[in-house]
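A short worksheet on the structure shown next.
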Amino acid sequence: MQQPEKITMGPGGRLQVPERPIIPYIEGDGIGPDIWRATVLVLDAAVAKAFGGARAISWLPLAVGEAAAAAGGEVLPESALETIRQHRVAIKGPLTTPVGKGMRSVNVAIRQRLDLYACVRPVRYMASVPSPMKHPEGIDMVVFRENTEDLYAGIEWPAGSAEAGRLEAFLREQMGVTLPPGAGIGIKPISRDNTRRLVARAIAYAIDRRLPSVTLMHKGNIMKYTEGAFRTWGYEVAAEQFADQTITEAEVAAEHDGRAPAGKVVIKDRIADMLFQQVLLRPEEYHVIATPNLNGDYLSDALAAQVGGLGMAPGANIGDDCAVFEATHGSAPKYAGLDKVNPGSLILSGAMMLDHIGWSAAAERVRRALQDTIVQKTVTYDLARQIEGAKEVSCSAFARAVVANMG
Ligand code: NAD
């Protein structure tokens, strides 16, 4: 086999992946080391089986978080960010956010510093996972949440502060707007460029995977120049960059009798509150959802609950230069080192990573074997307590059972 090599970016932003790509990983804090060990076992086995030993990942550890701080370094060393930039693809466990000191969140800092503007969260039901829905099998969606702006930009001032007072005075005197007394103030920026790159990525994803629709989720009836503009710019980028591959829902109704022409991705939009109802009542009508930051935060966790909870939900943060795949739950410190928790979220994030580098045969093996293990009711404590007749196993034993199911 080849020597380990970096993944590089080819023409048109396509990744060039060697047979032995070097992939940096951050184990993470708390339960991170437990779920990472389980994940690497499953991913390595899937790659070996899918490609008959001709391909393998060369894992490169990065010290970030509590491990880095314990060694006397920064929680998020600049060198770790640079290594991720250079290697194009990385995977991470959860990182604890120190309360009352240090940076706001290491996780958020990684996304911002690497400009990972799309938070991608696939939500698909796995048979046998307990769900509050009558028909969870109808849910198969991918949420593209904008990751860099909206109310998450962190532009806010507390009630009674000098800054809030100055802003209040400016709004009253210069803009003719009166705020209620003693208001905290936050600012919600949504920009054309950041909306267009997010929606373009969501549409390209739907086209690549031959998915029927992309829905722009917004609250534009109320917040016209932020959420409403998101909708406008979303349709705009579809028409400008994907005219041949897409069609709007309005065009389908007006020109095609309500039936989308074969091979075209339908672009539609829904108001946020209405879409929350629709994903409960008619989930099969939604495939890819592109949305600003705050809506996306709420929707992706609500959808994860519909299919059985956050313990199993995978995620990725993707930018134009690099991508970081991560478990969507936190570091659950009280379970650290107990070899107890469910590694499903990080394992499935690893499967997304394998898809991202074009190794879908291995990704499919991971998903199928994990699904089989759950159908056999061999599960960690969180699922065991909800499934009648379940066999409760440790985090590492669950990983071994998944590998055994690869045949
Ligand atoms: P958490 O997700 O870590 O844990 C909450 C509870 O969920 C746990 O006590 C446990 O009961 C359950 N849980 C979580 N992961 C599980 C798993 N894999 N299997 C089974 N059960 C699981 O949330 P928290 O307690 O709010 O946060 C703990 C720390 O994690 C905080 O410092 C927080 O900032 C951080 N955090 C990090 C990320 C990230 O790295 N992306 C995300 C969320 C929270």
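The way I read the labels, and the way they are meant: chains A, B, ... in the order of the structure tokens, residue 1 as the first residue of every chain, and ligand 1 as the first ligand shown, with later ones counted on from there.
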Practice problem: Report as a ChimeraX atom specification which protein, DNA and RNA residues come within 7 Å of ligand 1, using only C-alpha atoms and all ligand atoms. | Solution: /A:93-98,105,107,311,326-334,341-345,382
Output for the residues just chosen: N, CA, C and O atoms as a CSV table (one decimal), in the first residue's frame:
```csv
chain,number,residue,atom,x,y,z
A,93,GLY,N,-14.5,14.4,18.6
A,93,GLY,CA,-15.4,14.1,19.6
A,93,GLY,C,-15.8,15.4,20.3
A,93,GLY,O,-15.4,16.5,19.9
A,94,PRO,N,-16.7,15.3,21.3
A,94,PRO,CA,-17.2,16.5,21.9
A,94,PRO,C,-16.2,17.2,22.8
A,94,PRO,O,-15.3,16.5,23.4
A,95,LEU,N,-16.2,18.5,22.9
A,95,LEU,CA,-15.3,19.3,23.7
A,95,LEU,C,-16.1,20.1,24.8
A,95,LEU,O,-17.1,20.7,24.5
A,96,THR,N,-15.6,20.0,26.0
A,96,THR,CA,-16.3,20.7,27.1
A,96,THR,C,-16.1,22.2,27.0
A,96,THR,O,-15.0,22.6,26.6
A,97,THR,N,-17.1,22.9,27.2
A,97,THR,CA,-17.0,24.4,27.2
A,97,THR,C,-16.8,24.8,28.7
A,97,THR,O,-17.7,24.6,29.5
A,98,PRO,N,-15.6,25.4,29.0
A,98,PRO,CA,-15.4,25.8,30.4
A,98,PRO,C,-16.4,26.9,30.8
A,98,PRO,O,-16.7,27.8,30.0
A,105,SER,N,-16.9,29.0,23.3
A,105,SER,CA,-17.0,27.6,23.1
A,105,SER,C,-15.9,27.2,22.1
A,105,SER,O,-15.8,27.8,21.1
A,107,ASN,N,-15.9,24.5,20.4
A,107,ASN,CA,-16.6,24.0,19.2
A,107,ASN,C,-16.9,25.1,18.2
A,107,ASN,O,-16.7,25.0,17.0
A,311,GLY,N,-28.4,11.0,20.9
A,311,GLY,CA,-27.3,10.0,21.1
A,311,GLY,C,-26.9,9.4,19.8
A,311,GLY,O,-25.8,8.9,19.6
A,326,GLU,N,-18.5,15.6,13.4
A,326,GLU,CA,-18.5,15.6,14.9
A,326,GLU,C,-19.7,15.0,15.4
A,326,GLU,O,-20.8,15.1,14.8
A,327,ALA,N,-19.6,14.4,16.6
A,327,ALA,CA,-20.8,13.9,17.4
A,327,ALA,C,-21.6,15.2,17.7
A,327,ALA,O,-21.0,16.3,17.9
A,328,THR,N,-22.9,15.0,17.7
A,328,THR,CA,-23.7,16.2,17.9
A,328,THR,C,-24.1,16.4,19.4
A,328,THR,O,-24.5,17.5,19.8
A,329,HIS,N,-23.8,15.4,20.2
A,329,HIS,CA,-24.0,15.6,21.7
A,329,HIS,C,-22.8,16.2,22.3
A,329,HIS,O,-21.7,16.4,21.7
A,330,GLY,N,-22.8,16.5,23.7
A,330,GLY,CA,-21.7,17.1,24.4
A,330,GLY,C,-20.8,16.0,25.0
A,330,GLY,O,-20.9,14.8,24.6
A,331,SER,N,-20.0,16.4,25.9
A,331,SER,CA,-18.9,15.6,26.5
A,331,SER,C,-19.4,14.8,27.7
A,331,SER,O,-18.6,14.0,28.3
A,332,ALA,N,-20.7,14.9,28.1
A,332,ALA,CA,-21.3,14.2,29.2
A,332,ALA,C,-20.3,13.8,30.3
A,332,ALA,O,-20.1,12.6,30.5
A,333,PRO,N,-19.7,14.7,31.0
A,333,PRO,CA,-18.6,14.4,31.9
A,333,PRO,C,-18.9,13.4,32.9
A,333,PRO,O,-18.0,12.6,33.3
A,334,LYS,N,-20.2,13.3,33.3
A,334,LYS,CA,-20.4,12.3,34.4
A,334,LYS,C,-20.3,10.8,33.9
A,334,LYS,O,-20.1,9.9,34.8
A,341,VAL,N,-21.4,5.0,27.4
A,341,VAL,CA,-22.3,5.7,26.5
A,341,VAL,C,-22.4,5.2,25.1
A,341,VAL,O,-21.6,4.3,24.7
A,342,ASN,N,-23.3,5.7,24.4
A,342,ASN,CA,-23.6,5.3,23.0
A,342,ASN,C,-22.7,6.0,22.0
A,342,ASN,O,-22.7,7.2,21.9
A,343,PRO,N,-21.9,5.2,21.3
A,343,PRO,CA,-20.9,5.9,20.3
A,343,PRO,C,-21.6,6.1,19.0
A,343,PRO,O,-20.9,6.5,18.0
A,344,GLY,N,-22.9,5.9,18.8
A,344,GLY,CA,-23.6,5.9,17.5
A,344,GLY,C,-23.4,7.3,16.8
A,344,GLY,O,-23.2,7.3,15.6
A,345,SER,N,-23.5,8.4,17.5
A,345,SER,CA,-23.4,9.7,16.9
A,345,SER,C,-22.1,9.9,16.2
A,345,SER,O,-22.0,10.3,15.0
A,382,ASP,N,-28.6,3.8,27.1
A,382,ASP,CA,-29.6,4.8,26.8
A,382,ASP,C,-30.7,4.2,25.9
A,382,ASP,O,-31.9,4.6,26.1
```
Exercise. Name the residues of segment 126-206 of chain A that fall into strand (DSSP E or B) according to DSSP on the backbone, using the chain letters and numbers of this document, as a list in words.
Key: Asp140, Met141, Val142, Val143, Phe144, Arg145, Glu146, Glu156, Trp157, Ile185 and Gly186 of chain A
Could you write out the selected residues, including N, CA, C and O atoms, as a PDB file, in the first residue's frame?
```pdb
ATOM      1  N   ASP A 140     -36.522  11.231   6.480  1.00  0.00           N
ATOM      2  CA  ASP A 140     -35.218  11.040   5.845  1.00  0.00           C
ATOM      3  C   ASP A 140     -34.819  12.388   5.249  1.00  0.00           C
ATOM      4  O   ASP A 140     -35.122  12.680   4.089  1.00  0.00           O
ATOM      5  N   MET A 141     -34.225  13.217   6.063  1.00  0.00           N
ATOM      6  CA  MET A 141     -33.943  14.605   5.652  1.00  0.00           C
ATOM      7  C   MET A 141     -32.511  14.962   5.997  1.00  0.00           C
ATOM      8  O   MET A 141     -31.893  14.329   6.840  1.00  0.00           O
ATOM      9  N   VAL A 142     -32.029  16.027   5.357  1.00  0.00           N
ATOM     10  CA  VAL A 142     -30.723  16.577   5.708  1.00  0.00           C
ATOM     11  C   VAL A 142     -30.896  18.071   5.921  1.00  0.00           C
ATOM     12  O   VAL A 142     -31.386  18.774   5.019  1.00  0.00           O
ATOM     13  N   VAL A 143     -30.524  18.541   7.106  1.00  0.00           N
ATOM     14  CA  VAL A 143     -30.635  19.972   7.401  1.00  0.00           C
ATOM     15  C   VAL A 143     -29.286  20.638   7.129  1.00  0.00           C
ATOM     16  O   VAL A 143     -28.255  20.184   7.629  1.00  0.00           O
ATOM     17  N   PHE A 144     -29.304  21.699   6.312  1.00  0.00           N
ATOM     18  CA  PHE A 144     -28.130  22.562   6.094  1.00  0.00           C
ATOM     19  C   PHE A 144     -28.385  23.856   6.849  1.00  0.00           C
ATOM     20  O   PHE A 144     -29.192  24.685   6.422  1.00  0.00           O
ATOM     21  N   ARG A 145     -27.716  23.975   7.984  1.00  0.00           N
ATOM     22  CA  ARG A 145     -27.900  25.153   8.846  1.00  0.00           C
ATOM     23  C   ARG A 145     -26.735  26.112   8.656  1.00  0.00           C
ATOM     24  O   ARG A 145     -25.578  25.707   8.749  1.00  0.00           O
ATOM     25  N   GLU A 146     -27.030  27.385   8.389  1.00  0.00           N
ATOM     26  CA  GLU A 146     -25.963  28.383   8.258  1.00  0.00           C
ATOM     27  C   GLU A 146     -25.284  28.516   9.619  1.00  0.00           C
ATOM     28  O   GLU A 146     -25.941  28.609  10.646  1.00  0.00           O
ATOM     29  N   GLU A 156     -24.397  41.397  20.915  1.00  0.00           N
ATOM     30  CA  GLU A 156     -25.481  41.708  21.843  1.00  0.00           C
ATOM     31  C   GLU A 156     -24.948  42.411  23.079  1.00  0.00           C
ATOM     32  O   GLU A 156     -23.773  42.275  23.420  1.00  0.00           O
ATOM     33  N   TRP A 157     -25.827  43.196  23.704  1.00  0.00           N
ATOM     34  CA  TRP A 157     -25.437  43.971  24.884  1.00  0.00           C
ATOM     35  C   TRP A 157     -26.499  43.802  25.960  1.00  0.00           C
ATOM     36  O   TRP A 157     -27.706  43.780  25.670  1.00  0.00           O
ATOM     37  N   ILE A 185     -30.166  44.061  24.032  1.00  0.00           N
ATOM     38  CA  ILE A 185     -30.290  44.210  22.570  1.00  0.00           C
ATOM     39  C   ILE A 185     -29.360  43.218  21.865  1.00  0.00           C
ATOM     40  O   ILE A 185     -28.172  43.121  22.199  1.00  0.00           O
ATOM     41  N   GLY A 186     -29.920  42.490  20.883  1.00  0.00           N
ATOM     42  CA  GLY A 186     -29.116  41.607  20.048  1.00  0.00           C
ATOM     43  C   GLY A 186     -29.319  41.995  18.590  1.00  0.00           C
ATOM     44  O   GLY A 186     -30.360  42.540  18.226  1.00  0.00           O
TER      45      GLY A 186
END
```
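Shortest atom-to-atom contact with Tyr286 of chain A among A:Gly138, A:Pro158, A:Gly53, A:Gly10: A:Gly138, counting only C-alpha atoms.
The closest residue to Phe230 of chain A, picked from A:Gln3, A:Ser394, A:Asn194, A:Ser300 and counting only C-alpha atoms, is A:Asn194.
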Exercise. Work out how far atom CA of Thr8 of chain A is from atom CA of Leu43 of chain A, in Å to one decimal.
Key: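 Between atom CA of Leu43 of chain A and atom CA of Thr8 of chain A the gap works out to 21.0 Å.
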Exercise. Excluding Ile139 of chain A and any residue of its chain fewer than 2 positions from it, enumerate the residues within 12 Å of it, using only C-alpha atoms, and give them as a PyMOL selection string.
Key: chain A and resi 122-127+131+133-137+141-143+278-288+302-308
